[in-house]
file entry.cif (mmCIF, C-alpha atoms)
data_target
loop_
_atom_site.label_atom_id
_atom_site.label_comp_id
_atom_site.auth_asym_id
_atom_site.auth_seq_id
_atom_site.Cartn_x
_atom_site.Cartn_y
_atom_site.Cartn_z
CA MET A 4 55.55 75.20 45.22
CA LEU A 5 58.04 74.07 47.89
CA PHE A 6 55.65 71.24 48.82
CA VAL A 7 55.59 69.88 45.25
CA GLY A 8 59.34 70.42 44.88
CA ILE A 9 60.03 68.31 47.97
CA ILE A 10 57.80 65.53 46.61
CA ILE A 11 59.67 65.55 43.28
CA VAL A 12 63.15 65.68 44.84
CA THR A 13 62.24 62.88 47.27
CA PHE A 14 60.92 60.75 44.41
CA PHE A 15 64.22 61.05 42.52
CA LEU A 16 66.33 60.54 45.65
CA MET A 17 64.43 57.32 46.26
CA GLU A 18 66.09 55.77 43.20
CA GLY A 19 69.42 56.06 45.03
CA VAL A 20 67.89 54.71 48.22
CA ALA A 21 66.34 51.80 46.30
CA TRP A 22 69.67 51.07 44.56
CA ALA A 23 71.58 51.03 47.86
CA ALA A 24 68.91 48.99 49.66
CA HIS A 25 68.80 46.49 46.82
CA LYS A 26 72.58 46.11 46.63
CA TYR A 27 73.52 46.19 50.30
CA ILE A 28 70.41 44.96 52.12
CA MET A 29 68.51 42.71 49.72
CA HIS A 30 71.72 41.24 48.28
CA GLY A 31 73.32 41.46 51.72
CA PHE A 32 72.07 40.50 55.16
CA LEU A 33 68.42 40.07 54.04
CA TRP A 34 69.26 37.85 51.07
CA HIS A 35 67.15 35.08 52.64
CA LEU A 36 64.07 37.23 51.92
CA HIS A 37 65.17 38.25 48.42
CA GLU A 38 66.61 34.98 47.13
CA ASP A 39 63.29 33.54 45.95
CA HIS A 40 62.92 36.55 43.67
CA HIS A 41 65.95 35.32 41.71
CA THR A 42 64.94 31.65 41.80
CA LYS A 43 61.28 31.77 40.81
CA ASN A 44 58.77 29.16 41.88
CA PRO A 45 56.29 29.02 38.97
CA ASN A 46 53.63 27.56 41.27
CA SER A 47 53.59 30.51 43.66
CA PHE A 48 52.24 34.02 43.07
CA PHE A 49 53.80 35.41 46.25
CA GLU A 50 57.46 35.45 47.29
CA LYS A 51 59.26 36.10 50.56
CA ASN A 52 60.67 39.06 48.63
CA ASP A 53 57.20 40.63 48.85
CA TYR A 54 57.89 41.44 52.51
CA PHE A 55 60.06 44.28 51.22
CA PHE A 56 56.89 46.09 50.09
CA VAL A 57 55.82 46.27 53.71
CA ILE A 58 59.31 47.08 55.01
CA PHE A 59 59.77 49.93 52.53
CA ALA A 60 56.23 51.27 52.98
CA VAL A 61 56.83 52.02 56.67
CA PRO A 62 59.02 55.16 56.20
CA GLY A 63 56.57 56.67 53.71
CA MET A 64 53.56 55.99 55.93
CA ALA A 65 55.41 57.25 59.01
CA CYS A 66 56.31 60.52 57.28
CA ILE A 67 52.75 61.01 56.04
CA LEU A 68 51.39 60.41 59.54
CA LEU A 69 53.95 62.71 61.17
CA GLY A 70 53.09 65.42 58.67
CA THR A 71 49.32 65.14 58.93
CA ILE A 72 48.83 64.35 62.61
CA PHE A 73 51.70 66.28 64.20
CA SER A 74 52.30 68.88 61.45
CA ILE A 75 56.04 68.22 61.48
CA PRO A 76 57.44 70.35 58.64
CA TYR A 77 58.36 68.67 55.36
CA THR A 78 57.45 65.16 56.50
CA LEU A 79 54.19 65.04 54.54
CA PRO A 80 55.74 65.84 51.13
CA ILE A 81 58.68 63.53 51.90
CA GLY A 82 56.24 60.75 52.75
CA LEU A 83 54.28 61.41 49.57
CA GLY A 84 57.48 61.31 47.48
CA ILE A 85 58.45 57.98 49.05
CA THR A 86 54.95 56.57 48.51
CA ILE A 87 54.74 57.74 44.89
CA TYR A 88 58.12 56.11 44.23
CA GLY A 89 56.80 52.92 45.84
CA ALA A 90 53.80 52.98 43.52
CA ALA A 91 56.07 53.56 40.50
CA TYR A 92 58.27 50.69 41.67
CA PHE A 93 55.25 48.39 41.91
CA PHE A 94 53.98 49.29 38.44
CA VAL A 95 57.37 49.14 36.72
CA HIS A 96 58.93 46.20 38.57
CA GLU A 97 56.02 43.92 39.38
CA ILE A 98 53.61 44.64 36.52
CA PHE A 99 55.79 45.79 33.59
CA ILE A 100 59.02 43.84 34.16
CA HIS A 101 57.95 40.66 35.95
CA GLN A 102 54.43 40.51 34.48
CA ARG A 103 52.72 39.51 37.72
CA PHE A 104 49.61 40.77 35.96
CA LYS A 105 49.58 40.08 32.24
CA VAL A 106 49.34 43.64 30.96
CA LEU A 107 51.82 46.01 29.30
CA ARG A 108 53.57 43.08 27.62
CA ASN A 109 54.62 44.73 24.37
CA THR A 110 56.38 48.03 24.02
CA ASN A 111 58.53 49.67 21.41
CA LEU A 112 59.73 52.51 23.62
CA LYS A 113 63.53 52.44 23.97
CA TYR A 114 63.46 53.44 27.63
CA PHE A 115 61.13 50.60 28.62
CA LYS A 116 63.09 48.08 26.56
CA ALA A 117 66.26 49.27 28.31
CA ILE A 118 64.64 48.80 31.73
CA ARG A 119 63.72 45.23 30.83
CA ARG A 120 67.21 44.48 29.46
CA ALA A 121 68.95 45.83 32.56
CA HIS A 122 66.66 43.88 34.85
CA LYS A 123 67.20 40.71 32.85
CA VAL A 124 70.95 41.15 33.32
CA HIS A 125 70.37 41.61 37.05
CA HIS A 126 68.41 38.35 37.22
CA LYS A 127 70.99 36.28 35.38
CA HIS A 128 72.82 36.17 38.72
CA LEU A 129 71.13 33.57 40.93
CA ARG A 130 73.30 34.20 43.98
CA LYS A 131 73.68 37.36 46.02
CA GLU A 132 77.24 37.95 44.78
CA ASP A 133 78.31 39.42 41.45
CA GLY A 134 75.08 41.32 40.89
CA GLU A 135 74.65 44.35 38.65
CA CYS A 136 71.91 46.82 37.70
CA PHE A 137 70.43 47.30 41.17
CA GLY A 138 68.36 50.38 40.32
CA MET A 139 64.95 50.49 38.71
CA LEU A 140 64.25 53.75 36.88
CA TRP A 141 67.83 54.81 36.09
CA VAL A 142 69.25 52.56 33.40
CA PRO A 143 72.89 52.58 32.20
CA LEU A 144 73.19 53.87 28.64
CA LYS A 145 74.55 50.58 27.29
CA TYR A 146 71.09 49.01 27.64
CA PHE A 147 69.55 51.55 25.27
CA SER A 148 71.64 50.45 22.30
CA GLN A 149 71.24 46.68 22.61
CA LYS A 150 68.81 44.75 20.46
#

call {"tool": "encode", "arguments": {"input": "entry.cif", "output": "structure tokens"}}
result
Amino acid sequence: MLFVGIIIVTFFLMEGVAWAAHKYIMHGFLWHLHEDHHTKNPNSFFEKNDYFFVIFAVPGMACILLGTIFSIPYTLPIGLGITIYGAAYFFVHEIFIHQRFKVLRNTNLKYFKAIRRAHKVHHKHLRKEDGECFGMLWVPLKYFSQK
């Protein structure tokens, strides 16, 4: 039960980590990797921003390896929580929001509409300054009531 609890807590803590990384790293000193995500090139499937998938996968993989190979306590469930969040991020951000694969286009669920609205507001800013809505799964309430 503790194992599963650590996975769940880690998953939810990752939203805060993702928010902070997005605001202070991606819109900060690594803006040169993230900028093309805000200024799309319609002729390219990949972006420099995609390097963040690799960068953010390293802690999850490292924890999983430390937990399985060296049996370091709690690192396996932490690594799994990080990895599950990464998978959720991929499905929600890349597939659902940005439609990299043309599925899940239409939804009437308020939560999913709110996620799209908040992300659209985030992308209206084409420079690294003045951004808003840096999270992914947690959406401010004001985006639930908009049409």

call {"tool": "atom_distance", "arguments": {"input": "entry.cif", "atom1": "atom CA of A:Phe147", "atom2": "atom CA of A:His41"}}
result
23.4 Å

call {"tool": "axis_aligned_box", "arguments": {"input": "entry.cif", "around": "stretch 118-124 of chain A", "padding_each_side": "3 Å", "output": "AutoDock Vina command-line options"}}
result
--center_x 67.3 --center_y 44.8 --center_z 32.2 --size_x 13.2 --size_y 14.1 --size_z 11.4

call {"tool": "resolve_selection", "arguments": {"input": "entry.cif", "expression": "the PyMOL selection byres ((chain A and resi 60-68) around 12)", "output": "NGL selection string"}}
result
:A and (10 or 13-14 or 17 or 20 or 53-59 or 69-90 or 92-93)

call {"tool": "atom_distance", "arguments": {"input": "entry.cif", "atom1": "atom CA of A:Tyr146", "atom2": "atom CA of A:Arg120"}}
result
6.2 Å

call {"tool": "resolve_selection", "arguments": {"input": "entry.cif", "expression": "the PyMOL selection byres ((chain A and resi 115) around 12)", "output": "list in words"}}
result
Val95, His96, Phe99, Ile100, Leu107, Arg108, Asn109, Thr110, Asn111, Leu112, Lys113, Tyr114, Lys116, Ala117, Ile118, Arg119, Arg120, Ala121, His122, Met139, Leu140, Trp141, Val142, Tyr146 and Phe147 of chain A

call {"tool": "decode", "arguments": {"input": "entry.cif", "residues": "stretch 114-137 of chain A", "atoms": "C-alpha atoms", "output": "compact mmCIF listing (two decimals), in the first residue's frame"}}
result
# COMPACT_ATOMS: atom_id res chain seq x y z
CA TYR A 114 -12.37 19.66 -17.50
CA PHE A 115 -10.84 18.92 -20.90
CA LYS A 116 -12.28 22.10 -22.40
CA ALA A 117 -10.77 24.04 -19.49
CA ILE A 118 -7.36 22.44 -20.10
CA ARG A 119 -7.48 23.51 -23.74
CA ARG A 120 -8.59 27.05 -22.86
CA ALA A 121 -5.82 27.51 -20.30
CA HIS A 122 -3.21 26.21 -22.70
CA LYS A 123 -4.47 28.47 -25.46
CA VAL A 124 -4.04 31.44 -23.11
CA HIS A 125 -0.51 30.25 -22.35
CA HIS A 126 0.32 30.13 -26.07
CA LYS A 127 -0.99 33.60 -26.84
CA HIS A 128 2.34 34.82 -25.42
CA LEU A 129 5.01 34.36 -28.08
CA ARG A 130 7.90 35.55 -25.92
CA LYS A 131 9.22 34.08 -22.70
CA GLU A 132 7.95 37.01 -20.62
CA ASP A 133 4.40 37.63 -19.43
CA GLY A 134 3.39 33.99 -19.54
CA GLU A 135 0.55 32.40 -17.60
CA CYS A 136 -0.97 28.95 -17.06
CA PHE A 137 2.29 27.01 -16.79
